[in-house]
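K.L.:
Quick one: this structure, given as structure tokens, is what I'll be asking you about.
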Amino acid sequence: MYRSRLRKLEGLAEEKNVCGALIVSASNVFYFTGFKGGFLLYSRNVGFRLLVPALEYLRAYDTVRENALDDLVTVVAYKPYGLPGELKLDIEGEEIVEGKAIDAIAKFVGKGCILLTDADSKQFISELEAKELKLQDASKDIALMRALKEPWEIERMTEAARIAEAALNEALANLEPGVTELEIAAIIEREIRVRGAEDHSFPPIVAFGKNTVYPHAIPSARRRLEDGQPVLIDLGAVYKGYCSDMTRTVDFGGVGDEFTAALRTVIDAVEAAIDAIEPGKKIGEVDAAARRILEKHGYAKYFIHSLGHGVGIDVHEYPRVSSDNNDELKPGMVITIEPGVYIPGKFGVRVEEMVLVTERGPRLLTRFPRELWV
Ligand SMILES: [Mn+2]
């Protein structure tokens with residue numbers, strides 16, 4: 001699974017004619033090794049090193065072995081906080097470096113060496129430069145690799161979607177007058193874990209009534225559900241490191257015609273956007289397809305965010321599905337389609353699906369009714 005990715009990183013360093021690579025984002029390290037955390041260092045001279053603080057050594061070592069990478073990736077512990085000199089991990093061939101991660105990196109890479117990197121922290125970059133290492137940004141190359149999902153990744157994301165859908169069902173079953181937003185959020189969080197997901201992709205958004213006008217509403221213990229209110233629920237699960245993301249807006253006890261009209265238009269926009277998905281098409285055209293429907297019904301001014309985003313190891317990753325993105329859709333990309341209409345003082349509506357781009361067009365990974373009355 002990971003071997004070919006490491007080979008690709010090697011190839012990228014060769015192609016760009018630099019001596020190595022330094023991967024610092026936890027999600028990118030996970031993409032290349034299956035271990036989330038530490039730093040992945042590659043140099044043409046010493047190969048791959050996974051640098052982790054001493055307390056993570058054993059977990060990193062076991063993960064690398066489980067993923068059959070022990071012949072390719074050497075795990076190295078660094079010992080930054082004045083831990084005892086006789087510190088032993090009791091593992092054959094263990095490698096311990098005194099100092100911080102930066103010291104460990106400098107130890108393996110020669111001065112003046114250029115490293116491809118995804119690092120974006122100015123402080124971290126200047127610390128590396130102080131060690132006479134040069135950096136060349138490769139974050140877009142890595143984002144592009146990650147955007148094209150392999151079948152086993154699609155399977156995990158599909159399972160993450162199934163778990164979130166089951167949690168949403170449970171949440172809907174518990175909607176009744178007097179229940180609070182946070183009580184519903186707690187049900188979702190519990191269901192997600194009980195059903196085998198290790199985490200939620202983000203704290204679930206549960207909004208009642210006027211709280212739905214905020215795209216990123218924060219659930220409250222004081223807001224109690226009343227008949228005739230919209231309920232917006234945005235949730236995701238993380239299954240074996242891969243996220244899902246979906247949103248539904250529910251009519252609780254009859255919100256009214258204005259709400260129903262907005263909900264139906266948003267659903268039409270979802271369908272138009274999904275229909276617009278095909279490999280080779282500019283990503284911006286998918287956003288435009290949804291926006292055209294909202295425009296036709298006078299809602300365009302209330303659609304105040306981009307249409308969607310890539311999903312995978314991170315719940316938000318490349319590509320952004322926005323009108324200004326001229327990159328092309330490619331088979332293997334998983335994106336969300338989530339048009340929304342937020343009318344200040346009244347209500348908000350958002351419906352979100354997760355879609356895989358295939359050679360033959362779109363394939364929905366989320367499967368849940370879009371028009372819901374409770
Ligand atoms: Mn989303």
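Here, A, B, ... name the chains of the structure tokens in the order displayed, residue numbers run from 1 inside each chain, and ligands are numbered from 1 in the same displayed order.
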Do a neighbour search on Phe347 (chain A) at 9 Å with only C-alpha atoms, toss out local chain neighbours closer than 5 positions, and write the hits as a list of chain:residue names.
P.N.:
A:Gly209, A:Lys210, A:Asn211, A:Thr212, A:Val213, A:Tyr214, A:Gln229, A:Pro230, A:Phe259, A:Val341, A:Tyr342
K.L.:
Pull N, CA, C and O atoms from the residues just selected and write them as a short mmCIF file (atom, residue, chain, number, x, y, z; two decimals), in the first residue's frame.
P.N.:
data_model
loop_
_atom_site.label_atom_id
_atom_site.label_comp_id
_atom_site.auth_asym_id
_atom_site.auth_seq_id
_atom_site.Cartn_x
_atom_site.Cartn_y
_atom_site.Cartn_z
N GLY A 209 -33.55 25.94 14.29
CA GLY A 209 -34.15 27.26 14.06
C GLY A 209 -33.19 28.26 13.47
O GLY A 209 -32.49 27.98 12.49
N LYS A 210 -33.12 29.45 14.09
CA LYS A 210 -32.30 30.54 13.52
C LYS A 210 -30.82 30.26 13.59
O LYS A 210 -30.02 30.91 12.90
N ASN A 211 -30.41 29.31 14.42
CA ASN A 211 -28.98 28.95 14.47
C ASN A 211 -28.51 28.34 13.15
O ASN A 211 -27.31 28.26 12.89
N THR A 212 -29.47 27.90 12.29
CA THR A 212 -29.09 27.31 11.00
C THR A 212 -28.55 28.35 10.02
O THR A 212 -28.00 27.98 8.98
N VAL A 213 -28.69 29.65 10.33
CA VAL A 213 -28.18 30.67 9.38
C VAL A 213 -26.66 30.76 9.39
O VAL A 213 -26.08 31.38 8.50
N TYR A 214 -26.02 30.17 10.42
CA TYR A 214 -24.56 30.17 10.45
C TYR A 214 -24.04 28.88 9.82
O TYR A 214 -24.28 27.80 10.36
N GLN A 229 -39.39 24.09 13.43
CA GLN A 229 -38.03 24.60 13.23
C GLN A 229 -37.25 23.71 12.26
O GLN A 229 -37.42 22.49 12.25
N PRO A 230 -36.37 24.33 11.45
CA PRO A 230 -35.44 23.50 10.67
C PRO A 230 -34.34 22.97 11.59
O PRO A 230 -34.00 23.61 12.59
N PHE A 259 -39.30 27.73 3.55
CA PHE A 259 -38.23 26.76 3.85
C PHE A 259 -38.26 25.61 2.85
O PHE A 259 -37.23 25.23 2.30
N VAL A 341 -27.99 27.72 1.46
CA VAL A 341 -28.69 29.00 1.37
C VAL A 341 -28.90 29.46 2.80
O VAL A 341 -29.45 28.71 3.62
N TYR A 342 -28.38 30.65 3.15
CA TYR A 342 -28.46 31.13 4.54
C TYR A 342 -29.14 32.49 4.52
O TYR A 342 -28.55 33.47 4.05
#
K.L.:
So which residues of region 68-156 of chain A fall under strand (DSSP E or B) by DSSP, listed as a PyMOL selection string?
P.N.:
chain A and resi 73-79+96-98+114-117+134-137
K.L.:
Write the selection just made, keeping C-alpha atoms, as a short mmCIF file (atom, residue, chain, number, x, y, z; two decimals), in the first residue's frame?
P.N.:
data_model
loop_
_atom_site.label_atom_id
_atom_site.label_comp_id
_atom_site.auth_asym_id
_atom_site.auth_seq_id
_atom_site.Cartn_x
_atom_site.Cartn_y
_atom_site.Cartn_z
CA VAL A 73 11.89 2.87 6.62
CA THR A 74 14.08 3.10 9.73
CA VAL A 75 12.40 4.57 12.80
CA VAL A 76 14.57 6.97 14.77
CA ALA A 77 13.72 8.37 18.20
CA TYR A 78 14.78 11.86 19.17
CA LYS A 79 15.08 12.82 22.81
CA ILE A 96 18.29 7.42 19.35
CA VAL A 97 19.32 10.97 18.54
CA GLU A 98 19.97 13.53 21.28
CA ILE A 114 17.91 20.78 -0.91
CA LEU A 115 14.85 19.00 0.50
CA LEU A 116 11.37 18.89 -0.99
CA THR A 117 8.91 19.70 1.75
CA LYS A 134 17.50 24.43 1.76
CA LEU A 135 13.84 23.74 1.20
CA GLN A 136 11.71 23.53 -1.91
CA ASP A 137 7.95 23.54 -1.59
#
K.L.:
Please give me, as a ChimeraX atom specification, the residues lying within 7 Å of ligand 1 when counting only C-alpha atoms and all ligand atoms.
P.N.:
/A:245-246,308-309,336,338,352
K.L.:
Have a look at A:Arg59, A:Lys301, A:Lys282, A:Arg248 and name the one nearest to Ile343 (chain A); count only C-alpha atoms.
P.N.:
A:Lys301
K.L.:
Using only C-alpha atoms, which residues of region 307-337 of chain A come within 12 Å of region 143-166 of chain A, and what is the closest atom pair for each, with the distance in Å to one decimal? Give it as a Markdown table, sorted by chain and residue number.
P.N.:
| residue | atom | partner | partner_atom | distance |
| --- | --- | --- | --- | --- |
| A:His309 | CA | A:Ala147 | CA | 10.7 |
| A:Gly310 | CA | A:Ala147 | CA | 7.2 |
| A:Val311 | CA | A:Ala147 | CA | 8.2 |
| A:Gly312 | CA | A:Met157 | CA | 7.3 |
| A:Ile313 | CA | A:Arg146 | CA | 8.5 |
| A:Asp314 | CA | A:Arg146 | CA | 10.1 |
| A:Val315 | CA | A:Met157 | CA | 10.6 |
| A:His316 | CA | A:Ala147 | CA | 11.0 |
| A:Glu317 | CA | A:Ala143 | CA | 7.6 |
| A:Tyr318 | CA | A:Ala143 | CA | 5.9 |
| A:Pro319 | CA | A:Ala147 | CA | 7.3 |
| A:Arg320 | CA | A:Ala147 | CA | 10.9 |
| A:Asp327 | CA | A:Leu144 | CA | 10.6 |
| A:Glu328 | CA | A:Leu144 | CA | 11.2 |
| A:Leu329 | CA | A:Leu148 | CA | 10.0 |
| A:Lys330 | CA | A:Leu148 | CA | 7.4 |
| A:Pro331 | CA | A:Leu148 | CA | 7.0 |
| A:Gly332 | CA | A:Leu148 | CA | 4.5 |
| A:Met333 | CA | A:Leu148 | CA | 5.0 |
| A:Val334 | CA | A:Ala147 | CA | 7.3 |
| A:Ile335 | CA | A:Ala147 | CA | 9.2 |
K.L.:
I'd like the neighbourhood of Glu198 (chain A) as a PyMOL selection string, where a residue qualifies if any of its atoms comes within 7 Å (using only C-alpha atoms), though same-chain residues fewer than 5 positions away should be ignored.
P.N.:
chain A and resi 193+238-239
K.L.:
I need the alpha helix (DSSP H) residues of region 70-162 of chain A per DSSP on the backbone, written as a ChimeraX atom specification.
P.N.:
/A:101-108,122-130,139-147,151-162
K.L.:
Determine, counting only C-alpha atoms, which protein, DNA and RNA residues have an atom within 8 Å of an atom of Arg350 (chain A); residues of the same chain fewer than 6 positions away are not included. Present the result as a list in words.
P.N.:
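Selected residues are Leu232, Thr247, Arg248, Thr249, Leu263, Val266, Glu338, Pro339, Gly340 and Val341 of chain A.
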K.L.:
Skipping near chain neighbours, those fewer than 2 positions away, what residues fall within 12 Å of Ala60 (chain A) using only C-alpha atoms, listed as a PyMOL selection string?
P.N.:
chain A and resi 29-30+33-40+49-58+62-67+69-70+73-77
K.L.:
Write the selection just made, keeping C-alpha atoms, as a PDB file, in the first residue's frame?
P.N.:
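Ended up saving to out16.pdb:
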ATOM      1  CA  VAL A  29       3.342  11.264   6.990  1.00  0.00           C
ATOM      2  CA  PHE A  30       0.296   9.012   7.432  1.00  0.00           C
ATOM      3  CA  THR A  33       3.744   5.359   6.052  1.00  0.00           C
ATOM      4  CA  GLY A  34       0.448   4.647   7.833  1.00  0.00           C
ATOM      5  CA  PHE A  35       1.847   6.330  10.958  1.00  0.00           C
ATOM      6  CA  LYS A  36       0.314   9.670  11.891  1.00  0.00           C
ATOM      7  CA  GLY A  37       2.899  11.952  13.434  1.00  0.00           C
ATOM      8  CA  GLY A  38       6.622  12.573  13.512  1.00  0.00           C
ATOM      9  CA  PHE A  39       8.638  13.542  10.442  1.00  0.00           C
ATOM     10  CA  LEU A  40       9.392  11.492   7.359  1.00  0.00           C
ATOM     11  CA  ARG A  49      13.878   7.732   8.232  1.00  0.00           C
ATOM     12  CA  LEU A  50      10.755   8.178  10.333  1.00  0.00           C
ATOM     13  CA  LEU A  51      11.752  10.571  13.121  1.00  0.00           C
ATOM     14  CA  VAL A  52       9.547  10.470  16.210  1.00  0.00           C
ATOM     15  CA  PRO A  53       9.871  11.681  19.797  1.00  0.00           C
ATOM     16  CA  ALA A  54      11.016   8.886  22.135  1.00  0.00           C
ATOM     17  CA  LEU A  55       7.544   8.383  23.589  1.00  0.00           C
ATOM     18  CA  GLU A  56       6.188   7.536  20.102  1.00  0.00           C
ATOM     19  CA  TYR A  57       9.040   5.226  19.157  1.00  0.00           C
ATOM     20  CA  LEU A  58       7.429   1.876  19.944  1.00  0.00           C
ATOM     21  CA  ASP A  62       5.222  -1.452  15.384  1.00  0.00           C
ATOM     22  CA  THR A  63       3.212   0.431  12.737  1.00  0.00           C
ATOM     23  CA  VAL A  64       6.104   0.382  10.286  1.00  0.00           C
ATOM     24  CA  ARG A  65       6.447  -3.380  10.833  1.00  0.00           C
ATOM     25  CA  GLU A  66       2.703  -4.005  10.494  1.00  0.00           C
ATOM     26  CA  ASN A  67       2.780  -2.110   7.208  1.00  0.00           C
ATOM     27  CA  LEU A  69       7.971  -1.229   5.582  1.00  0.00           C
ATOM     28  CA  ASP A  70      10.718  -2.220   8.024  1.00  0.00           C
ATOM     29  CA  VAL A  73      11.894   2.871   6.619  1.00  0.00           C
ATOM     30  CA  THR A  74      14.079   3.102   9.727  1.00  0.00           C
ATOM     31  CA  VAL A  75      12.397   4.565  12.795  1.00  0.00           C
ATOM     32  CA  VAL A  76      14.568   6.967  14.775  1.00  0.00           C
ATOM     33  CA  ALA A  77      13.718   8.365  18.203  1.00  0.00           C
TER      34      ALA A  77
END
